[in-house]
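Everything below concerns the one structure shown next.
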Amino acid sequence: MADARLEAIARHCRVQIIRMLTHAGSGHPGGSLSVIDILTALYFGRLRYDAKRPDWPDRDRVVLSKGHTVPALYAVMARAGFFPESQLVTLRKLGSPLQGHPDRSALPGIEAATGSLGQGLSISLGLALGLKLGASRARVYCILGDGETQEGQVWEAAMAGPKLGQPDRPLDNLCVILDYNKIQLDNFVAKIMDLEPVVAKWQAFGWPVLEIDGHDMDHINKALDQAEATRGTPTFIVAHTVKGKGVSFMENDPEWHGKAPKPAEAIRAIREILGVGEAAWDDYLKADPTTRAIVDELAALEKK
Amino acid sequence: MAAKASRVAFGEALLELGARDERIVTVDADLSKSTMTAKFAKTYPGRAFNVGIAESNMIGIGAGLALAGRIPFVCSFACFVVGRFETIRISVAYTNANVKIVGTHAGIAIGEDGYSQMGIEDIACIRALPNIPVIQPADELETRQAIAYAVEHQGPLYLRLTRQSLEPVCPPDYRFQLGRWLVLRPGHDVTLIGTGGPMFNCLEAAKLLQADAISAEVIDAACIKPLDEELLLGSAGKTGHVVTVEDHTLHGGLGGAVAEVLSDVMPTPLKRIGVQGFGESGDPKGLYAKHGLDPAGIAAGVKKFLGR
């Protein structure tokens, strides 16, 4: 069953990702587009938070361990009201709280500094344990990149996750989601240092593992339901995703791991994300002033 | 007070503080019998976590616990915990997580175990990070004071503790303050600044120097970052000669910190006494003598520096 509301928000956020990266002139589109459906499902269907009170102690936490895809997080946070969407174009600019990688001190709502890969799961374990010690009902969601699980610290944390807090305070308030888009900076993950068998590895470390299509809102929601209903252990979700999802020329291409689109490429990407044919594009923009403004802004960048 | 290792004083202080503040938790990496948190773990089993031999994970879990409102002490040998520098750098310092990082077995004074177990570069590493005070107490009283301060301090902090027993050096009414040093013995010919392990030896060296008619002002630098600029400049201005003494590499430790301030503000002749090269196995006293950290070595270093 499709969730039209979440899918519309995800499309909106994809457009914002392309917009901010193009304004920044650098950043990581591929992994931002692969993780955005997961983040959308979390922020608009799952998490308990108050964007006006980002330090509310009982809020649910998201730790984006794959910090380089923070444009996706900024897009959902802006849409959720943590800061105005107009601020998205300050990404990576001097003085902006929208740092190239997450900075907790700079932007309320960011739970931990990440981007030095492999550290987010340990932080999430500590958060989940600390919330339990404080008798909070808040949940923790940790999003791992696939390439980053080549880091040794991830496996220290993998070993600890199902054991920590047992038996009185098992970390069943923690759900870890692997954004398995199969591509890392240098090349396909399988060509650099293959992770397979991924499911068996995490199972062997004691985690219940769910496998889903990370772009199917129904799949994502069901897995999140199941994780939330699980008692006595944290849950691990392997989300199969497509790097660059939604933009034909970015999909499954390692070149788009860490390269911002040029304005003309960005406009084409936005058209594809919105599912509009080339012939219908001008008419579409006449009927959609918001997208029109974004496209005009990008076209103006081209002229600079 | 009798001589006591600062790691032992730490374990005792934490036990007492833990009774008053249930936010205090410990995270260890299979060295709790050595870092002296084992008693805390036995007394408060629900608040002590041992993650096995996985220091990066220990530090990261500490960061998460802090972000959820706990006050975690993450503990290992100084070399092992600071060796996971990148995790400290991002998960603790940049995240500004309220983690108390405890590095025990500081310096060559651990002796026989040899270099791989000796934390002698940790001050330099942590000092390079914004956001983390570096504290090294020199006796039991100062350790208890520093631990109590660490609990109150909002933000990350690094505590450097010794395996070996430390003779008392601070007066009974001493109160630790961040960024404040303590004059243990006034003098006017040379400023002798020590920290941690060799602090007592500095006082002994001052006695030897007195016999040679050299008046050394001995200062206990428990706080290496931020250091006590006012006291340093006042003393250096008076004596005109500064000597630093530390059980740490000569590069980037107390001596480096003092050199930075003096050269920026008031260039003053400075002699740094500390560990040269790698450490090695041996008896602690012999090692201190080899590196000039025993009373005779410190006194000789001062005299040579003063040209006396």
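By convention here, the chains of the structure tokens are called A, B, ... in the order presented, each chain's residues are numbered starting at 1, and ligands are numbered starting at 1 in the order presented.
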What are the closest atom pairs, with distances in Å to one decimal, for all residues of chain B lying within 8 Å of chain A? Consider only C-alpha atoms, order rows by chain and residue number, and present the result as a tab-separated table.
residue	atom	partner	partner_atom	distance
B:Phe49	CA	A:Leu164	CA	7.7
B:Val51	CA	A:Ala160	CA	6.6
B:Ala54	CA	A:Glu156	CA	6.1
B:Ser56	CA	A:Gln153	CA	6.1
B:Asn57	CA	A:Ser122	CA	5.3
B:Met58	CA	A:Ser122	CA	7.7
B:Ile59	CA	A:Ser122	CA	8.0
B:Gly60	CA	A:Ile123	CA	4.7
B:Ile61	CA	A:Gly126	CA	3.9
B:Gly62	CA	A:Gly126	CA	6.0
B:Ala63	CA	A:Ile123	CA	5.8
B:Gly64	CA	A:Gly126	CA	3.8
B:Leu65	CA	A:Gly126	CA	4.4
B:Ala66	CA	A:Gly130	CA	7.4
B:Leu67	CA	A:Leu127	CA	6.4
B:Ala68	CA	A:Gly130	CA	5.0
B:Gly69	CA	A:Gly130	CA	6.9
B:Arg70	CA	A:Gly130	CA	6.3
B:Glu86	CA	A:Ser116	CA	7.8
B:Thr87	CA	A:Gln119	CA	6.8
B:Ile90	CA	A:Ala113	CA	6.2
B:Ser91	CA	A:Ala113	CA	6.3
B:Tyr94	CA	A:Ala113	CA	6.3
B:Thr95	CA	A:Ala113	CA	4.9
B:Asn96	CA	A:Ser105	CA	7.2
Among the residues of region 29-89 of chain A, find those DSSP assigns to strand (DSSP E or B) from the backbone and print them as a count of residues only.
-> 4
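Residue nearest Phe82 (chain A), chosen from A:Ser65, A:Ser34, A:Ile18, A:Pro97 and counting only C-alpha atoms: A:Pro97.
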Exercise: Thr230 (chain A) partners within 10 Å, only C-alpha atoms, chain neighbours under 2 positions left out, as an MDAnalysis selection string | chainID A and resid 172:175 208 224:228 232:235
Kindly save the residues from that selection, with N, CA, C and O atoms included, as a PDB file, in the first residue's frame.
ATOM      1  N   ASP A 172      16.091  -2.411  23.655  1.00  0.00           N
ATOM      2  CA  ASP A 172      15.016  -2.581  22.674  1.00  0.00           C
ATOM      3  C   ASP A 172      14.402  -1.244  22.264  1.00  0.00           C
ATOM      4  O   ASP A 172      13.458  -1.198  21.477  1.00  0.00           O
ATOM      5  N   ASN A 173      14.977  -0.173  22.810  1.00  0.00           N
ATOM      6  CA  ASN A 173      14.582   1.174  22.369  1.00  0.00           C
ATOM      7  C   ASN A 173      15.462   1.666  21.213  1.00  0.00           C
ATOM      8  O   ASN A 173      15.416   2.826  20.835  1.00  0.00           O
ATOM      9  N   LEU A 174      16.275   0.748  20.685  1.00  0.00           N
ATOM     10  CA  LEU A 174      17.198   1.112  19.601  1.00  0.00           C
ATOM     11  C   LEU A 174      16.866   0.344  18.328  1.00  0.00           C
ATOM     12  O   LEU A 174      16.667  -0.876  18.359  1.00  0.00           O
ATOM     13  N   CYS A 175      16.810   1.082  17.230  1.00  0.00           N
ATOM     14  CA  CYS A 175      16.628   0.474  15.919  1.00  0.00           C
ATOM     15  C   CYS A 175      17.728   1.002  15.005  1.00  0.00           C
ATOM     16  O   CYS A 175      17.901   2.217  14.870  1.00  0.00           O
ATOM     17  N   PRO A 208      18.390  -9.385  15.785  1.00  0.00           N
ATOM     18  CA  PRO A 208      17.328  -9.761  14.858  1.00  0.00           C
ATOM     19  C   PRO A 208      17.419  -8.843  13.638  1.00  0.00           C
ATOM     20  O   PRO A 208      17.533  -7.620  13.800  1.00  0.00           O
ATOM     21  N   LEU A 224       9.619  -0.657  10.891  1.00  0.00           N
ATOM     22  CA  LEU A 224       9.707   0.202  12.081  1.00  0.00           C
ATOM     23  C   LEU A 224       8.692  -0.231  13.138  1.00  0.00           C
ATOM     24  O   LEU A 224       8.983  -0.209  14.338  1.00  0.00           O
ATOM     25  N   ASP A 225       7.496  -0.648  12.683  1.00  0.00           N
ATOM     26  CA  ASP A 225       6.498  -1.194  13.612  1.00  0.00           C
ATOM     27  C   ASP A 225       7.053  -2.413  14.340  1.00  0.00           C
ATOM     28  O   ASP A 225       6.932  -2.550  15.558  1.00  0.00           O
ATOM     29  N   GLN A 226       7.631  -3.288  13.537  1.00  0.00           N
ATOM     30  CA  GLN A 226       8.145  -4.544  14.098  1.00  0.00           C
ATOM     31  C   GLN A 226       9.268  -4.274  15.105  1.00  0.00           C
ATOM     32  O   GLN A 226       9.315  -4.890  16.166  1.00  0.00           O
ATOM     33  N   ALA A 227      10.152  -3.322  14.746  1.00  0.00           N
ATOM     34  CA  ALA A 227      11.251  -2.971  15.660  1.00  0.00           C
ATOM     35  C   ALA A 227      10.683  -2.425  16.966  1.00  0.00           C
ATOM     36  O   ALA A 227      11.157  -2.770  18.055  1.00  0.00           O
ATOM     37  N   GLU A 228       9.667  -1.588  16.852  1.00  0.00           N
ATOM     38  CA  GLU A 228       9.091  -0.961  18.039  1.00  0.00           C
ATOM     39  C   GLU A 228       8.389  -1.988  18.925  1.00  0.00           C
ATOM     40  O   GLU A 228       8.332  -1.827  20.149  1.00  0.00           O
ATOM     41  N   GLY A 232      13.439  -6.834  24.434  1.00  0.00           N
ATOM     42  CA  GLY A 232      14.590  -7.605  24.885  1.00  0.00           C
ATOM     43  C   GLY A 232      15.837  -7.485  24.030  1.00  0.00           C
ATOM     44  O   GLY A 232      16.893  -7.987  24.416  1.00  0.00           O
ATOM     45  N   THR A 233      15.734  -6.805  22.892  1.00  0.00           N
ATOM     46  CA  THR A 233      16.901  -6.680  22.013  1.00  0.00           C
ATOM     47  C   THR A 233      16.711  -5.506  21.055  1.00  0.00           C
ATOM     48  O   THR A 233      15.574  -5.180  20.696  1.00  0.00           O
ATOM     49  N   PRO A 234      17.806  -4.880  20.655  1.00  0.00           N
ATOM     50  CA  PRO A 234      17.691  -3.895  19.574  1.00  0.00           C
ATOM     51  C   PRO A 234      17.436  -4.608  18.250  1.00  0.00           C
ATOM     52  O   PRO A 234      17.631  -5.820  18.152  1.00  0.00           O
ATOM     53  N   THR A 235      16.983  -3.858  17.263  1.00  0.00           N
ATOM     54  CA  THR A 235      16.652  -4.435  15.961  1.00  0.00           C
ATOM     55  C   THR A 235      17.547  -3.847  14.877  1.00  0.00           C
ATOM     56  O   THR A 235      17.899  -2.664  14.942  1.00  0.00           O
TER      57      THR A 235
END
What lies within 12 Å of His219 (chain A) using only C-alpha atoms, ignoring chain neighbours under 3 positions off, as a PyMOL selection string?
-> chain A and resi 1-3+37-38+41+210-216+222-226+237-241
DSSP on the backbone, then: every residue of region 122-285 of chain B marked helix (DSSP H, G or I), written as a ChimeraX atom specification.
-> /B:122-127,140-152,199-211,229-239,254-265,284-285
Lys33 (chain B) proximity check over B:Met1, B:Ala289, B:Cys75, B:Ile123, using only C-alpha atoms: winner is B:Cys75
Ser34 (chain B): which residues within 12 Å, counting only C-alpha atoms, same-chain residues fewer than 6 positions away excluded, as a list in words?
-> Ala5, Ser6, Arg7, Val8, Phe10, Gly11, Asp28, Cys75, Ser76, Phe77, Ala78, Val102, Gly103, Thr104, His105, Ile110, Leu161, Thr162, Arg163 and Gln164 of chain B
